[in-house]
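Scroll down for the structure; my scribbles are underneath it.
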Amino acid sequence: RKLEINIGRKRYSSKTLNTKYTDQPEGPIYPLDVLRLDISKALHDISGIDHSLILNALESTNSMDRGDLLLPLPKIKVADPVAVANRWAIELSTHGCIGKVCAKGPFLQFFLDQRYLIQSTVPNILLQKGKYGQKKSRHQKKVVVEFSSPNIAKPFHAGHLRSTIIGGFLSNLYEAMGWSVTRMNYLGDWGRQFGLLAVGFKRYGDEKTLQKQPIQHLFDVYVKINMDLAKEEINGNSKCGISGEARSFFKNLENGDENAIKIWNRFRSLSIHHYIQTYSRLNINFDIFSGESQVSKESMNEALDIFRKNNLVKEIDGALVIDLTQWSKRLGRVVVQKSDGTTLYLTRDVGAAIERKKNLHFDKMVYVISSQQDLYMSQFFMILKKMNFEWAKDLQHINFGMVQGMSTRKGNVVFLDTILDEARDKALQIMENNKMKISQVDNPQRVADLIGVSAIIIQDMKSKRINNYEFNWNRMLSFEGDTGPYLQYTHSRLRSLERTSSDFTTDMLIHADFSNLNEPQLVELVRLLAQYPDVLRRAFETQEPATIVTYLFKVCHQVSSCYKKIWVSGKPADIAIPRLAVYSASRQVLHNAMSLLGLVPVDRM
Ligand code: ARG
């Protein structure tokens with residue numbers, strides 16, 4: 001159904017809101033986009049300045065009192081910007097959907113016409129639902145997001161947790177911006193440690209435990225055999241025993257020995273099987289479980305050939321070395337092949353990138369890896385560049401800082417599901433404090449799990465990726481303050497409002513008459529909702545989840561200040577319906593943004 005809206009000078013329809021405008025090839029068009037176009041058109045008419053120059057100069061504001069959009073005049077290079085701002089403020093104020101223009105020094109602050117704002121934002125959100133805020137592109141581009149990438153038989157550390165959370169978010173964000181996304185997990189599943197693990201399993205392995213808890217069990221075995229190895233080394237018989245056995249097992253693996261491969265494969269596939277279940281608690285599904293083991297000999301040989309052809313390698317004591325200092329001092333020298341002919345982490349990464357380009361034809365590839373590997377990633381990217389791959393420029397390293405003090409009651413070595421279990425149990429304890437409420441929750445365990453996950457994710461995403469933070473159970477699980485549970489609480493509160501007002505259908509909300517909706521707090525809330533599409537685009541530019549988290553808390557705070565004073569229940573329909581429409585639209589925006597971050601919004605808690 002086409003929604004017709006009659007506002008003042010102009011006639012807007014839901015169709016106009018969704019049409020693609022030629023200056024902006026990628027739709028849909030949102031109210032702030034319409035404002036941008038109206039400003040550029042009106043300003044062009046009075047000044048002759050190029051539309052696109054104006055469009056590019058317009059900025060979002062970080063507080064609502066500075067307008068819905070801001071134009072810093074120095075950016076469009078006018079002489080005497082302060083005087084011009086004052087003059088233009090008067091001339092521009094009655095164009096299109098511009099409701100008010102204020103001059104503040106060399107800035108122009110633009111406010112959307114209030115009626116247009118509400119009429120074009122609220123029904124649109126209710127109509128578009130989960131799609132509100134997204135972008136569609138005509139030529140869908142492809143991105144590969146590589147993230148999480150734990151090492152089999154070694155602990156899943158905080159760096160892997162951050163990579164998982166941030167990578168999951170970035171994948172969702174790319175999708176929302178109209179990209180086709182391949183989620184890839186690049187496991188650390190190759191190398192000498194697998195020889196050691198196989199020897200260890202012979203001594204300490206237990207079939208049943210392996211089936212039940214493969215990740216933990218393999219790790220336990222690995223720890224034990226490493227202790228044995230250390231003893232052996234102290235006693236000075238490292239040539240024969242464990243170490244020799246391990247070496248020969250890995251050699252067999254590298255030579256494709258069937259029996260060795262079979263053992264290794266079981267370790268790998270049981271671990272993956274277990275990981276899939278844990279990742280699903282975080283709402284993440286990988287398209288590809290790749291890994292260091294999956295990089296083919298051919299692509300690594302191709303890499304080595306190009307190294308030689310492009311004169312990149314030198315032989316030093318039988319090993320192949322690339323001297324990167326010729327391009328950048330800080331990059332140093334790197335070994336790409338050991339003297340015994342075995343390959344290395346770096347060479348495997350080069351081979352893997354070549355393969356992925358060939359098989360997946362990406363337009364962009366993102367590696368979500370902790371900042372501890374910053375130097376390594378610069379070396380890796382430089383090498384690809386010097387191999388003359390034109391696609392080397394399409395690779396991006398998304399880095400992040402450290403987490404301090406992550407531990408569980410079971411100790412300092414953390415397993416992903418132990419962290420999630422503990423978060424769930426703690427959330428459940430808090431929920432149980434309110435006996436009345438918890439009795440109404442269908443599946444308290446499941447809800448507690450979702451709240452626990454929210455707590456972990458939001459704690460991680462609250463500040464810029466590069467910042468370190470301290471893992472703090474009490475703070476992140478608090479239901480007050482800017483936490484995951486607080487977001488969930490706000491969402492469930494709005495859900496409960498929708499339930500108690502279910503006499504009013506969605507159709508009635510979409511066609512509400514907003515002409516009497518004037519409460520300043522509610523109007524502010526709608527202005528925030530109108531910003532959401534811009535917030536997504538900004539997050540996409542910075543690749544910072546914090547951009548969205550900050551926005552979410554603003555919405556929540558505004559919702560709670562409205563909720564206390566501006567009531568729906570007990571009001572006559574002509575007042576209740578438009579109010580409920582705004583609350584319902586707010587819930588939808590919360591839902592969309594939370595889902596994008598990786599949270600599953602709950603209906604009751
Ligand atoms: N498995 C590695 C580690 O735990 C991370 C892999 C990162 N990805 C890559 N392409 N190097 O440190």
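By order in the structure tokens, chains are A, B, ...; within a chain, residues start at 1; ligands start at 1, following the order shown.
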What residues have any atom no more than 9 Å from ligand 1 when counting only C-alpha atoms and all ligand atoms, and can you list them as a PDB file with C-alpha atoms, in the first residue's frame?
```pdb
ATOM      1  CA  GLU A 146      38.069 -13.317   8.220  1.00  0.00           C
ATOM      2  CA  PHE A 147      37.589 -13.425  11.971  1.00  0.00           C
ATOM      3  CA  SER A 148      37.789 -15.438  15.197  1.00  0.00           C
ATOM      4  CA  SER A 149      40.444 -17.889  13.886  1.00  0.00           C
ATOM      5  CA  PRO A 150      41.393 -19.755  17.082  1.00  0.00           C
ATOM      6  CA  ASN A 151      44.136 -22.363  17.241  1.00  0.00           C
ATOM      7  CA  ILE A 152      43.175 -25.964  17.779  1.00  0.00           C
ATOM      8  CA  LYS A 154      45.530 -24.009  22.304  1.00  0.00           C
ATOM      9  CA  PHE A 156      40.760 -19.515  22.916  1.00  0.00           C
ATOM     10  CA  HIS A 157      42.069 -16.280  24.386  1.00  0.00           C
ATOM     11  CA  GLY A 159      41.977 -11.789  21.436  1.00  0.00           C
ATOM     12  CA  HIS A 160      39.934 -14.489  19.753  1.00  0.00           C
ATOM     13  CA  ASN A 185      37.200 -18.676  10.094  1.00  0.00           C
ATOM     14  CA  TYR A 186      40.894 -19.301   9.480  1.00  0.00           C
ATOM     15  CA  LEU A 187      41.833 -21.911  12.064  1.00  0.00           C
ATOM     16  CA  GLY A 188      45.307 -22.421  13.427  1.00  0.00           C
ATOM     17  CA  ASP A 189      45.223 -26.093  12.543  1.00  0.00           C
ATOM     18  CA  GLY A 291      42.553 -22.828   8.194  1.00  0.00           C
ATOM     19  CA  GLU A 292      46.283 -22.907   7.784  1.00  0.00           C
ATOM     20  CA  TYR A 345      52.565 -18.780   9.089  1.00  0.00           C
ATOM     21  CA  LEU A 346      53.391 -15.870   6.798  1.00  0.00           C
ATOM     22  CA  ARG A 348      50.600 -19.717   4.354  1.00  0.00           C
ATOM     23  CA  ASP A 349      48.848 -16.348   4.668  1.00  0.00           C
ATOM     24  CA  VAL A 350      50.227 -15.262   1.302  1.00  0.00           C
ATOM     25  CA  ALA A 352      45.693 -18.245   1.347  1.00  0.00           C
ATOM     26  CA  ALA A 353      45.149 -14.700   0.056  1.00  0.00           C
ATOM     27  CA  TYR A 367      41.218  -9.429   8.601  1.00  0.00           C
ATOM     28  CA  VAL A 368      39.983  -8.953  12.146  1.00  0.00           C
ATOM     29  CA  ILE A 369      43.091  -9.589  14.248  1.00  0.00           C
ATOM     30  CA  SER A 370      44.418  -8.092  17.480  1.00  0.00           C
ATOM     31  CA  GLN A 372      49.538  -7.531  18.653  1.00  0.00           C
ATOM     32  CA  GLN A 373      49.845  -8.609  15.031  1.00  0.00           C
ATOM     33  CA  TYR A 376      53.036  -8.837  11.102  1.00  0.00           C
ATOM     34  CA  MET A 377      50.053  -7.585   9.085  1.00  0.00           C
TER      35      MET A 377
END
```
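Residue neighbourhood of Gln588 (chain A), excluding near-sequence residues (fewer than 4 positions): Lys129, Ser584 and Asn592 of chain A, at 7 Å, using only C-alpha atoms.
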With C-alpha atoms retained, export the selected residues as a CSV table (one decimal), in the first residue's frame.
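Listed below is the output, selection35.csv:
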```
chain,number,residue,atom,x,y,z
A,129,LYS,CA,10.8,-3.0,9.9
A,584,SER,CA,6.9,1.0,18.5
A,592,ASN,CA,17.7,-3.4,14.3
```
Original post:
Near Ala89 (chain A), within 10 Å and counting only C-alpha atoms, which residues show up once chain neighbours fewer than 6 positions away are dropped, as a PyMOL selection string?
Top reply: chain A and resi 100-104+107-110
**OP:** Name the residues in contact with Phe267 (chain A) at a cut-off of 8 Å, using only C-alpha atoms, excluding same-chain residues fewer than 3 positions from it; report them as an MDAnalysis selection string.
**Re:** chainID A and resid 214 218 263:264 270:271
Just the selected residues (N, CA and C atoms), exported as a PDB file, in the first residue's frame, please.
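Written output follows (result.pdb):
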```pdb
ATOM      1  N   PRO A 214      35.719 -31.800  22.913  1.00  0.00           N
ATOM      2  CA  PRO A 214      36.952 -31.909  22.129  1.00  0.00           C
ATOM      3  C   PRO A 214      37.946 -30.779  22.401  1.00  0.00           C
ATOM      4  N   LEU A 218      41.496 -31.714  24.089  1.00  0.00           N
ATOM      5  CA  LEU A 218      42.723 -31.586  23.294  1.00  0.00           C
ATOM      6  C   LEU A 218      43.693 -30.632  23.978  1.00  0.00           C
ATOM      7  N   ILE A 263      43.964 -39.117  11.825  1.00  0.00           N
ATOM      8  CA  ILE A 263      43.958 -38.698  13.236  1.00  0.00           C
ATOM      9  C   ILE A 263      43.763 -37.183  13.350  1.00  0.00           C
ATOM     10  N   TRP A 264      44.565 -36.482  12.557  1.00  0.00           N
ATOM     11  CA  TRP A 264      44.504 -35.014  12.584  1.00  0.00           C
ATOM     12  C   TRP A 264      43.107 -34.516  12.211  1.00  0.00           C
ATOM     13  N   LEU A 270      36.103 -32.565  14.981  1.00  0.00           N
ATOM     14  CA  LEU A 270      35.383 -32.517  16.250  1.00  0.00           C
ATOM     15  C   LEU A 270      35.444 -31.117  16.870  1.00  0.00           C
ATOM     16  N   SER A 271      36.594 -30.485  16.742  1.00  0.00           N
ATOM     17  CA  SER A 271      36.721 -29.124  17.277  1.00  0.00           C
ATOM     18  C   SER A 271      35.778 -28.178  16.545  1.00  0.00           C
TER      19      SER A 271
END
```
**OP:** For region 40-54 of chain A, work out the shell of residues within 12 Å, counting only C-alpha atoms and skipping chain neighbours fewer than 3 positions away, then give it as a ChimeraX atom specification.
**Re:** /A:22-24,33-37,57-59,69-78,84-85,87-98,108,110
